[in-house]
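A quick write-up on the structure given underneath.
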Amino acid sequence: MATQAFIDFTAGAIGGTACVLSGQPFDTTKVKMQTFPKVYRGFVHCFSSTFRQVGVRGLYKGATPALIANISENAVLFLSYGRCQDVVRYVCNMEKGSNLSDIQKASAGSLASIFSAMAICPTELVKCRLQAMHEMEASGKVASGQRSTVWTVVKTVMKTNGPLGFYQGLSSTIVREIPGYFCFFGAYELCRSKFAQYMGTDKESIGMLPLMFSGGFGGACLWLVVYPIDCVKSRIQVHSLAGKQEGFRKTFMGIIRTEGITALYSGLTPTMIRTFPANGALFLAYEFSRKLMMERVGV
């Protein structure tokens, strides 16, 4: 039991690292477009402006907290995913270790996301603030010329809001994760099942490209469902830097009232471009490292 939990935790951490390294520039573009939708005309304008103004480093701004966030989120997510599958078996009166349907696995993923939300919220707040710091300074919301690093953002949060300040946007994170990860794991498992059925093999033997496509498809389904919620979360986490920010409901209604519903989908293009390489790499690294470790220890 402990060995299996350690394998799931480690494989999730490896998958999270692969996800960040392959998709960080697109994530930076997404956050900038979500928090300052009127500044950029679209994905290409935002991407090229960032590159021109601050170079490649600007596209990887927030990479350190993003790595910490994704490693912690996916380690906790996949550790919890294994345990939540046991919960689903118990609720459905199934024998321990019996195979779950794709819908049952989606339900286990949705339940596991509650635990991962607690792990990701603090690091995602730091990441989003770092990614949008240039725009916050340019718009006059915060004083310009300040050195923005992970440590300075952490100190600012601690000084102004205390430890609970890192959990600004937690409610919107949980609201995002529960339906999002139901779609994420459900689409991933369904896609793998279809590939296995078409190829006349089992899900574990479909190969690298179908596995990566299944991961990307799962990620695409997640973002199409929860993107407006993620936009609200980013606004809360970034704009709270300039002072007290309204909660989820008021921020959501404020965006619709003043900017229109399309503002909730600002940055969707880089997110959809990012989702296939990033989530493909996530599941490829997770499945292969997990399989390797299980073979080594004979689980």
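Order determines the names: the first chain of the structure tokens is A, the second B, and so forth; residues in each chain are numbered 1 upward, and ligands are numbered 1 upward as they are shown.
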*Write out as a list in words which residues come within 7 Å of range 58-71 of chain A when counting only C-alpha atoms, dropping same-chain ones fewer than 3 positions away.*
Ala13, Gly16, Thr17, Val20, Gln24, Pro25, Thr28, Thr50, Phe51, Val54, Gly55, Asn74, Ala75, Ile120, Thr123, Glu124, Val126, Lys127, Leu130 and Gln131 of chain A
Residues near range 230-238 of chain A, cut-off 8 Å, only C-alpha atoms, skip fewer than 5 positions along chain, as JSON, numbers by chain
{"A": [31, 34, 35, 125, 128, 129, 132, 168, 169, 172, 173, 176, 245, 246, 247, 248, 251, 252, 264, 265, 266]}
Judged by only C-alpha atoms, the minimum distance to Ser139 in chain A among A:Ala278, A:Val39, A:Val297, A:Ile14 is found for A:Val39
Query - Distance query Gln85 in chain A at most 10 Å, only C-alpha atoms, self and fewer than 3 positions along chain excluded, as number ranges by chain - result: A: 80-82, 88-91, 96-100, 104-109, 111-112
Selection from above, all heavy atoms, as a short mmCIF file (atom, residue, chain, number, x, y, z; two decimals), in the first residue's frame, can you write it?
data_model
loop_
_atom_site.label_atom_id
_atom_site.label_comp_id
_atom_site.auth_asym_id
_atom_site.auth_seq_id
_atom_site.Cartn_x
_atom_site.Cartn_y
_atom_site.Cartn_z
N SER A 80 -3.76 10.81 -4.74
CA SER A 80 -5.17 10.79 -4.33
C SER A 80 -6.03 10.00 -5.31
O SER A 80 -6.99 9.34 -4.91
CB SER A 80 -5.71 12.22 -4.20
OG SER A 80 -4.92 12.99 -3.34
N TYR A 81 -5.68 10.06 -6.60
CA TYR A 81 -6.43 9.36 -7.65
C TYR A 81 -6.46 7.85 -7.37
O TYR A 81 -7.51 7.22 -7.46
CB TYR A 81 -5.79 9.65 -9.00
CG TYR A 81 -6.47 9.03 -10.20
CD1 TYR A 81 -7.85 9.13 -10.39
CD2 TYR A 81 -5.72 8.36 -11.17
CE1 TYR A 81 -8.46 8.58 -11.50
CE2 TYR A 81 -6.32 7.82 -12.30
CZ TYR A 81 -7.69 7.92 -12.46
OH TYR A 81 -8.28 7.37 -13.56
N GLY A 82 -5.29 7.32 -7.01
CA GLY A 82 -5.24 5.89 -6.67
C GLY A 82 -6.08 5.55 -5.46
O GLY A 82 -6.81 4.56 -5.44
N VAL A 88 -14.23 4.73 -4.68
CA VAL A 88 -15.28 4.46 -5.68
C VAL A 88 -15.64 2.98 -5.66
O VAL A 88 -16.83 2.62 -5.73
CB VAL A 88 -14.82 4.90 -7.09
CG1 VAL A 88 -15.80 4.41 -8.16
CG2 VAL A 88 -14.69 6.42 -7.15
N ARG A 89 -14.64 2.11 -5.55
CA ARG A 89 -14.91 0.66 -5.47
C ARG A 89 -15.76 0.34 -4.23
O ARG A 89 -16.69 -0.46 -4.30
CB ARG A 89 -13.60 -0.12 -5.41
CG ARG A 89 -12.82 -0.12 -6.73
CD ARG A 89 -11.63 -1.07 -6.67
NE ARG A 89 -10.83 -0.96 -7.88
CZ ARG A 89 -9.72 -0.24 -7.99
NH1 ARG A 89 -9.28 0.44 -6.93
NH2 ARG A 89 -9.05 -0.19 -9.13
N TYR A 90 -15.42 0.99 -3.12
CA TYR A 90 -16.16 0.76 -1.87
C TYR A 90 -17.61 1.21 -2.00
O TYR A 90 -18.54 0.49 -1.62
CB TYR A 90 -15.47 1.50 -0.72
CG TYR A 90 -16.20 1.41 0.60
CD1 TYR A 90 -16.12 0.25 1.38
CD2 TYR A 90 -16.99 2.47 1.05
CE1 TYR A 90 -16.79 0.16 2.59
CE2 TYR A 90 -17.67 2.38 2.26
CZ TYR A 90 -17.57 1.22 3.02
OH TYR A 90 -18.24 1.14 4.21
N VAL A 91 -17.81 2.41 -2.56
CA VAL A 91 -19.16 2.97 -2.74
C VAL A 91 -19.99 2.10 -3.69
O VAL A 91 -21.20 1.90 -3.49
CB VAL A 91 -19.09 4.42 -3.26
CG1 VAL A 91 -20.46 4.94 -3.67
CG2 VAL A 91 -18.48 5.34 -2.20
N LYS A 96 -11.82 -5.22 -4.08
CA LYS A 96 -10.59 -4.45 -4.10
C LYS A 96 -9.73 -4.87 -5.30
O LYS A 96 -9.51 -6.05 -5.53
CB LYS A 96 -9.81 -4.65 -2.80
CG LYS A 96 -8.67 -3.68 -2.61
CD LYS A 96 -8.04 -3.81 -1.23
CE LYS A 96 -6.94 -2.79 -1.05
NZ LYS A 96 -6.31 -2.89 0.29
N GLY A 97 -9.26 -3.86 -6.08
CA GLY A 97 -8.40 -4.14 -7.22
C GLY A 97 -9.13 -4.42 -8.51
O GLY A 97 -8.51 -4.59 -9.57
N SER A 98 -10.49 -4.47 -8.46
CA SER A 98 -11.26 -4.73 -9.68
C SER A 98 -11.22 -3.52 -10.61
O SER A 98 -11.03 -2.39 -10.16
CB SER A 98 -12.70 -5.08 -9.33
OG SER A 98 -13.29 -4.06 -8.54
N ASN A 99 -11.37 -3.78 -11.90
CA ASN A 99 -11.29 -2.71 -12.90
C ASN A 99 -12.50 -1.79 -12.83
O ASN A 99 -13.64 -2.25 -12.69
CB ASN A 99 -11.18 -3.30 -14.31
CG ASN A 99 -9.84 -3.98 -14.54
OD1 ASN A 99 -8.82 -3.54 -14.00
ND2 ASN A 99 -9.83 -5.04 -15.33
N LEU A 100 -12.23 -0.48 -12.94
CA LEU A 100 -13.30 0.51 -12.95
C LEU A 100 -13.64 0.90 -14.38
O LEU A 100 -12.79 0.83 -15.28
CB LEU A 100 -12.86 1.76 -12.18
CG LEU A 100 -12.53 1.61 -10.69
CD1 LEU A 100 -12.03 2.94 -10.13
CD2 LEU A 100 -13.74 1.14 -9.91
N GLN A 104 -16.36 5.75 -13.81
CA GLN A 104 -15.94 5.58 -12.41
C GLN A 104 -14.55 6.17 -12.17
O GLN A 104 -14.29 6.78 -11.13
CB GLN A 104 -15.97 4.09 -12.03
CG GLN A 104 -17.37 3.53 -11.88
CD GLN A 104 -17.38 2.02 -11.74
OE1 GLN A 104 -16.52 1.32 -12.27
NE2 GLN A 104 -18.37 1.50 -11.01
N LYS A 105 -13.66 6.02 -13.14
CA LYS A 105 -12.33 6.62 -13.03
C LYS A 105 -12.43 8.15 -13.09
O LYS A 105 -11.68 8.84 -12.40
CB LYS A 105 -11.41 6.10 -14.13
CG LYS A 105 -10.95 4.67 -13.92
CD LYS A 105 -9.96 4.23 -14.97
CE LYS A 105 -9.44 2.82 -14.67
NZ LYS A 105 -8.48 2.35 -15.70
N ALA A 106 -13.34 8.67 -13.91
CA ALA A 106 -13.56 10.12 -13.97
C ALA A 106 -14.04 10.64 -12.62
O ALA A 106 -13.61 11.71 -12.17
CB ALA A 106 -14.58 10.44 -15.07
N SER A 107 -14.91 9.88 -11.97
CA SER A 107 -15.42 10.27 -10.65
C SER A 107 -14.30 10.26 -9.61
O SER A 107 -14.23 11.16 -8.76
CB SER A 107 -16.54 9.31 -10.21
OG SER A 107 -17.60 9.32 -11.15
N ALA A 108 -13.41 9.28 -9.69
CA ALA A 108 -12.26 9.22 -8.78
C ALA A 108 -11.34 10.41 -9.00
O ALA A 108 -10.84 11.02 -8.04
CB ALA A 108 -11.50 7.91 -8.99
N GLY A 109 -11.13 10.79 -10.27
CA GLY A 109 -10.29 11.95 -10.58
C GLY A 109 -10.89 13.25 -10.07
O GLY A 109 -10.19 14.12 -9.57
N LEU A 111 -12.91 13.57 -7.48
CA LEU A 111 -12.77 13.57 -6.02
C LEU A 111 -11.32 13.89 -5.62
O LEU A 111 -11.08 14.67 -4.69
CB LEU A 111 -13.18 12.20 -5.48
CG LEU A 111 -13.17 12.01 -3.95
CD1 LEU A 111 -14.11 13.01 -3.27
CD2 LEU A 111 -13.56 10.58 -3.59
N ALA A 112 -10.36 13.35 -6.34
CA ALA A 112 -8.94 13.58 -6.04
C ALA A 112 -8.55 15.05 -6.23
O ALA A 112 -7.64 15.55 -5.56
CB ALA A 112 -8.07 12.69 -6.94
#
Exercise. With a distance cut-off of 9 Å and only C-alpha atoms, select the neighbouring residues of Ile7 in chain A, excluding the residue or stretch itself and same-chain residues fewer than 3 positions from it, and output the selection as a PyMOL selection string.
Key: chain A and resi 2-4+10-12+79+289-290+293-294
Shortest contact to Gly165 in chain A, candidates A:Thr201, A:Ser240, A:Ser113, A:Ser214, atoms counted only C-alpha atoms, goes to A:Ser240
Exercise for review: Write out as a PyMOL selection string which residues come within 9 Å of Ile114 in chain A when counting only C-alpha atoms, dropping same-chain ones fewer than 4 positions away.
Suggested key: chain A and resi 77+110+118+174+177-178
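In this structure, CA of Leu284 in chain A sits 16.7 Å away from CA of Gly186 in chain A.
CA of Phe26 in chain A lies 18.2 Å from CA of Phe213 in chain A.
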Do a neighbour search on Arg274 in chain A at 10 Å with only C-alpha atoms, toss out local chain neighbours closer than 3 positions, and write the hits as a PyMOL selection string.
chain A and resi 19+22-27+30+216+219-220+268-271+277-280
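For the atom pair formed by CA of Gly254 in chain A and CA of Met272 in chain A, the distance is 25.3 Å, given to one decimal.
Closest to Gly218 in chain A among A:Val153, A:Cys183, A:Met253, A:Val44 is A:Cys183, based on only C-alpha atoms.
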Phe36 in chain A proximity check over A:Leu292, A:Ala285, A:Met133, A:Ile261, using only C-alpha atoms: winner is A:Met133
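In this comparison, which uses only C-alpha atoms, the residue of A:Phe78, A:Pro210, A:Thr275, A:Val175 approaching Arg249 in chain A most closely is A:Val175.
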Extract the full set of helix (DSSP H, G or I) residues from range 48-232 of chain A according to DSSP on the backbone, and format it as a VMD selection string.
chain A and resid 48 to 59 63 to 91 102 to 131 133 to 138 150 to 161 163 to 167 170 to 199 203 to 205 208 to 232
